[in-house]
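Remarks on the structure that follows.
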Amino acid sequence: MDVMKKTFDVTGMTCSACSAHVEKSVAKVAGVRSVTINLLSNNMAVDYDESAVNDAAIITAVEHAGYGASVRGPAQTAAHSAPRAAADPMKDEIKNMKRRLIVSFIFLIPLFYISMGHMMGLPLPHILHGNANALSFAFTQFLLTLPIIYINRKYYQVGYKTLLRGAPNMDSLIAIGSTAALVYGVVAIYMIGWGLGHGDADIVSRYSMDLYFESAGMILT
């Protein structure tokens, strides 16, 4: 038996449920003796019998779990350890998270002002005020939510993938919660349009107060 120990970089893990699922998936591969996941550095150390399993099979197991993986080669571990440190995936991820947070707040602040400012007596532009402008009121919130969804699309990419694999994680919870709020808001926009077209002020008023775009934006932010 030729025992091999290799380190793999794993992408997409955001919580302990993620790392546990990756560990279980790889441990099930025939020939794998042990798996150790380091969530903080997004990598895993695998001991395996190279006569029974290869790197490709291990990477496939990780991908089947809903994540990405690649072998950390010698150039990344020893001879070029300094460049590796300069390109630390965790530092890159934290930098990316900060960027997403800043961009999200840029759109979330006006979204909250429009959706809830009137409840605190704050003035709204005339074009967003009253039943006659309910469609503008709703559609403006929808437009402000879209950039937040786009910049945080990773939650959907990972969350729904792991959900379909039968191993939902925190990303799945964020994706489902924000999607529910977004879809209900789109339905409300259509109902407001229907109410305006049919002169039903009650429908317009009801669905103008039933918008939850700010909830979708806050969940993601």
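For the structure tokens, the naming scheme is as follows: chains receive sequential letters (A, B, ...) according to their order of presentation, residues are indexed from 1 within each chain, and ligands are indexed from 1 in presentation order.
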From the DSSP assignment of the backbone, select every residue of chain A that is strand (DSSP E), and format the answer as number ranges by chain. A: 3-11, 32-38, 43-49, 68-71
Suppose we keep N, CA and C atoms; can you now write the selection as a PDB file, in the first residue's frame?
ATOM      1  N   VAL A   3       0.942   4.896   0.674  1.00  0.00           N
ATOM      2  CA  VAL A   3       0.167   5.948   1.332  1.00  0.00           C
ATOM      3  C   VAL A   3       0.694   7.312   0.916  1.00  0.00           C
ATOM      4  N   MET A   4      -0.209   8.150   0.497  1.00  0.00           N
ATOM      5  CA  MET A   4       0.133   9.505   0.047  1.00  0.00           C
ATOM      6  C   MET A   4      -0.623  10.505   0.904  1.00  0.00           C
ATOM      7  N   LYS A   5       0.053  11.586   1.238  1.00  0.00           N
ATOM      8  CA  LYS A   5      -0.603  12.662   1.973  1.00  0.00           C
ATOM      9  C   LYS A   5      -0.476  13.946   1.167  1.00  0.00           C
ATOM     10  N   LYS A   6      -1.621  14.555   0.859  1.00  0.00           N
ATOM     11  CA  LYS A   6      -1.612  15.790   0.080  1.00  0.00           C
ATOM     12  C   LYS A   6      -2.553  16.816   0.703  1.00  0.00           C
ATOM     13  N   THR A   7      -2.244  18.062   0.400  1.00  0.00           N
ATOM     14  CA  THR A   7      -3.090  19.162   0.854  1.00  0.00           C
ATOM     15  C   THR A   7      -3.841  19.724  -0.349  1.00  0.00           C
ATOM     16  N   PHE A   8      -5.146  19.919  -0.169  1.00  0.00           N
ATOM     17  CA  PHE A   8      -5.986  20.468  -1.217  1.00  0.00           C
ATOM     18  C   PHE A   8      -6.576  21.797  -0.748  1.00  0.00           C
ATOM     19  N   ASP A   9      -6.591  22.766  -1.616  1.00  0.00           N
ATOM     20  CA  ASP A   9      -7.313  24.011  -1.346  1.00  0.00           C
ATOM     21  C   ASP A   9      -8.773  23.779  -1.687  1.00  0.00           C
ATOM     22  N   VAL A  10      -9.667  24.206  -0.797  1.00  0.00           N
ATOM     23  CA  VAL A  10     -11.104  24.017  -0.998  1.00  0.00           C
ATOM     24  C   VAL A  10     -11.779  25.383  -1.045  1.00  0.00           C
ATOM     25  N   THR A  11     -12.612  25.605  -2.019  1.00  0.00           N
ATOM     26  CA  THR A  11     -13.314  26.881  -2.157  1.00  0.00           C
ATOM     27  C   THR A  11     -14.800  26.700  -1.882  1.00  0.00           C
ATOM     28  N   VAL A  32      -9.347   6.372   0.677  1.00  0.00           N
ATOM     29  CA  VAL A  32      -9.027   7.505   1.555  1.00  0.00           C
ATOM     30  C   VAL A  32      -8.963   7.015   2.992  1.00  0.00           C
ATOM     31  N   ARG A  33      -7.867   7.279   3.659  1.00  0.00           N
ATOM     32  CA  ARG A  33      -7.671   6.797   5.029  1.00  0.00           C
ATOM     33  C   ARG A  33      -8.108   7.837   6.061  1.00  0.00           C
ATOM     34  N   SER A  34      -7.810   9.115   5.811  1.00  0.00           N
ATOM     35  CA  SER A  34      -8.204  10.152   6.760  1.00  0.00           C
ATOM     36  C   SER A  34      -8.313  11.495   6.044  1.00  0.00           C
ATOM     37  N   VAL A  35      -9.167  12.355   6.594  1.00  0.00           N
ATOM     38  CA  VAL A  35      -9.379  13.690   6.039  1.00  0.00           C
ATOM     39  C   VAL A  35      -9.394  14.685   7.190  1.00  0.00           C
ATOM     40  N   THR A  36      -8.629  15.751   7.059  1.00  0.00           N
ATOM     41  CA  THR A  36      -8.616  16.807   8.066  1.00  0.00           C
ATOM     42  C   THR A  36      -8.886  18.138   7.380  1.00  0.00           C
ATOM     43  N   ILE A  37      -9.968  18.804   7.800  1.00  0.00           N
ATOM     44  CA  ILE A  37     -10.367  20.072   7.194  1.00  0.00           C
ATOM     45  C   ILE A  37      -9.942  21.235   8.086  1.00  0.00           C
ATOM     46  N   ASN A  38      -9.380  22.259   7.476  1.00  0.00           N
ATOM     47  CA  ASN A  38      -9.078  23.499   8.185  1.00  0.00           C
ATOM     48  C   ASN A  38      -9.937  24.595   7.559  1.00  0.00           C
ATOM     49  N   ASN A  43      -8.548  24.664   3.523  1.00  0.00           N
ATOM     50  CA  ASN A  43      -7.835  23.560   2.891  1.00  0.00           C
ATOM     51  C   ASN A  43      -8.121  22.263   3.645  1.00  0.00           C
ATOM     52  N   MET A  44      -7.704  21.167   3.052  1.00  0.00           N
ATOM     53  CA  MET A  44      -7.864  19.868   3.702  1.00  0.00           C
ATOM     54  C   MET A  44      -6.646  19.011   3.426  1.00  0.00           C
ATOM     55  N   ALA A  45      -6.252  18.246   4.425  1.00  0.00           N
ATOM     56  CA  ALA A  45      -5.149  17.301   4.301  1.00  0.00           C
ATOM     57  C   ALA A  45      -5.757  15.908   4.177  1.00  0.00           C
ATOM     58  N   VAL A  46      -5.347  15.175   3.148  1.00  0.00           N
ATOM     59  CA  VAL A  46      -5.924  13.859   2.879  1.00  0.00           C
ATOM     60  C   VAL A  46      -4.825  12.802   2.850  1.00  0.00           C
ATOM     61  N   ASP A  47      -4.998  11.734   3.638  1.00  0.00           N
ATOM     62  CA  ASP A  47      -4.139  10.556   3.572  1.00  0.00           C
ATOM     63  C   ASP A  47      -4.884   9.509   2.756  1.00  0.00           C
ATOM     64  N   TYR A  48      -4.258   9.000   1.698  1.00  0.00           N
ATOM     65  CA  TYR A  48      -4.966   8.036   0.861  1.00  0.00           C
ATOM     66  C   TYR A  48      -3.999   7.049   0.212  1.00  0.00           C
ATOM     67  N   ASP A  49      -4.547   5.948  -0.225  1.00  0.00           N
ATOM     68  CA  ASP A  49      -3.787   4.917  -0.914  1.00  0.00           C
ATOM     69  C   ASP A  49      -3.786   5.270  -2.400  1.00  0.00           C
ATOM     70  N   GLY A  68     -15.485  23.534  -4.456  1.00  0.00           N
ATOM     71  CA  GLY A  68     -14.399  23.389  -5.415  1.00  0.00           C
ATOM     72  C   GLY A  68     -13.124  22.967  -4.714  1.00  0.00           C
ATOM     73  N   ALA A  69     -12.228  22.336  -5.451  1.00  0.00           N
ATOM     74  CA  ALA A  69     -10.969  21.877  -4.848  1.00  0.00           C
ATOM     75  C   ALA A  69      -9.874  21.828  -5.886  1.00  0.00           C
ATOM     76  N   SER A  70      -8.647  21.987  -5.402  1.00  0.00           N
ATOM     77  CA  SER A  70      -7.471  21.864  -6.266  1.00  0.00           C
ATOM     78  C   SER A  70      -6.294  21.432  -5.402  1.00  0.00           C
ATOM     79  N   VAL A  71      -5.370  20.702  -6.022  1.00  0.00           N
ATOM     80  CA  VAL A  71      -4.201  20.230  -5.286  1.00  0.00           C
ATOM     81  C   VAL A  71      -3.257  21.392  -5.041  1.00  0.00           C
TER      82      VAL A  71
END
Report as a PyMOL selection string: the residues of segment 1-129 of chain A with a DSSP assignment of helix (DSSP H, G or I), based on the backbone of this structure. chain A and resi 16-27+55-64+74-77+81-86+89-120+126-128
With only C-alpha atoms counted and 12 Å as the cut-off, give the residues of segment 183-218 of chain A in contact with segment 96-107 of chain A, each with its shortest interatomic distance in Å and the pair that gives it, as a tab-separated table.
residue	atom	partner	partner_atom	distance
A:Phe213	CA	A:Phe107	CA	11.6
A:Glu214	CA	A:Phe107	CA	10.0
A:Ala216	CA	A:Ser104	CA	11.3
A:Gly217	CA	A:Ser104	CA	7.7
A:Met218	CA	A:Ser104	CA	8.7
Exercise: Ala65 of chain A partners within 8 Å, only C-alpha atoms, chain neighbours under 2 positions left out, as a tab-separated table (two decimals) with N, CA, C and O atoms, in the first residue's frame:
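That gives us selection_36.tsv:
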chain	number	residue	atom	x	y	z
A	21	HIS	N	-19.48	18.55	5.76
A	21	HIS	CA	-20.01	17.85	4.58
A	21	HIS	C	-18.89	17.47	3.62
A	21	HIS	O	-18.90	16.37	3.05
A	22	VAL	N	-17.92	18.36	3.43
A	22	VAL	CA	-16.77	18.05	2.57
A	22	VAL	C	-16.00	16.87	3.15
A	22	VAL	O	-15.62	15.94	2.43
A	25	SER	N	-17.87	13.63	2.58
A	25	SER	CA	-17.87	13.24	1.16
A	25	SER	C	-16.54	12.63	0.75
A	25	SER	O	-16.50	11.61	0.04
A	61	ALA	N	-15.14	14.28	-5.54
A	61	ALA	CA	-15.95	14.10	-4.33
A	61	ALA	C	-16.27	15.45	-3.70
A	61	ALA	O	-17.40	15.68	-3.24
A	62	VAL	N	-15.30	16.34	-3.69
A	62	VAL	CA	-15.51	17.69	-3.15
A	62	VAL	C	-16.52	18.45	-4.01
A	62	VAL	O	-17.44	19.10	-3.49
A	63	GLU	N	-16.36	18.35	-5.33
A	63	GLU	CA	-17.27	19.04	-6.24
A	63	GLU	C	-18.68	18.48	-6.14
A	63	GLU	O	-19.66	19.21	-6.24
A	67	TYR	N	-18.70	22.02	-3.65
A	67	TYR	CA	-17.61	22.95	-3.44
A	67	TYR	C	-16.54	22.74	-4.51
A	67	TYR	O	-16.67	21.87	-5.37
A	162	THR	N	-25.60	23.46	-2.51
A	162	THR	CA	-25.54	22.54	-1.36
A	162	THR	C	-26.94	22.05	-0.97
A	162	THR	O	-27.10	20.92	-0.52
A	165	ARG	N	-27.80	19.28	-3.17
A	165	ARG	CA	-27.00	18.10	-2.83
A	165	ARG	C	-27.48	17.44	-1.55
A	165	ARG	O	-26.95	16.42	-1.13
A	167	ALA	N	-27.35	18.84	1.48
A	167	ALA	CA	-26.53	19.24	2.62
A	167	ALA	C	-26.58	20.75	2.77
A	167	ALA	O	-25.56	21.43	2.60
So what do you get for atom CA of Tyr155 of chain A versus atom CA of Pro168 of chain A, distance-wise?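 Pair atom CA of Tyr155 of chain A / atom CA of Pro168 of chain A returns 11.6 Å.
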If you take only C-alpha atoms and a cut-off of 9 Å, which residues of segment 133-160 of chain A touch segment 202-212 of chain A, and what are their nearest atom pairs and distances in Å to one decimal, in chain and number order, as JSON lines?
{"residue": "A:Ala134", "atom": "CA", "partner": "A:Ser208", "partner_atom": "CA", "distance": 6.2}
{"residue": "A:Leu135", "atom": "CA", "partner": "A:Ser208", "partner_atom": "CA", "distance": 8.2}
{"residue": "A:Phe137", "atom": "CA", "partner": "A:Ser208", "partner_atom": "CA", "distance": 7.8}
{"residue": "A:Ala138", "atom": "CA", "partner": "A:Ser208", "partner_atom": "CA", "distance": 6.8}
{"residue": "A:Gln141", "atom": "CA", "partner": "A:Leu211", "partner_atom": "CA", "distance": 8.6}
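Of the listed residues (A:Leu196, A:Leu144, A:Ala30, A:Met13), A:Met13 comes nearest to Gly66 of chain A; the distances count only C-alpha atoms.
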Using only C-alpha atoms, which of A:Ser41, A:Ser51, A:Ser16, A:Ser115 sits nearest Asp2 of chain A?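 Closest to Asp2 of chain A of all the choices is A:Ser51.
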So, counting only C-alpha atoms, which residue among A:Asp171, A:Glu93, A:Asp200, A:Asp55 is closest to Ala17 of chain A?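 Selected residue with least distance to Ala17 of chain A: A:Asp171.
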Have a look at A:Leu40, A:Leu122, A:Ile149, A:Phe139 and name the one nearest to Tyr190 of chain A; count only C-alpha atoms.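 With only C-alpha atoms as the atom set, the closest residue is A:Phe139.
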Go ahead and compute the interatomic distance for atom CA of Trp194 of chain A and atom CA of Ala181 of chain A, in Å to one decimal.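 Between these atoms lies a distance of 20.0 Å.
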Given only C-alpha atoms as the counted atoms, nearest of A:Ile219, A:Met191, A:Ala201, A:Leu143 to Ala175 of chain A: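 That would be A:Ile219, the residue with the smallest distance to Ala175 of chain A.
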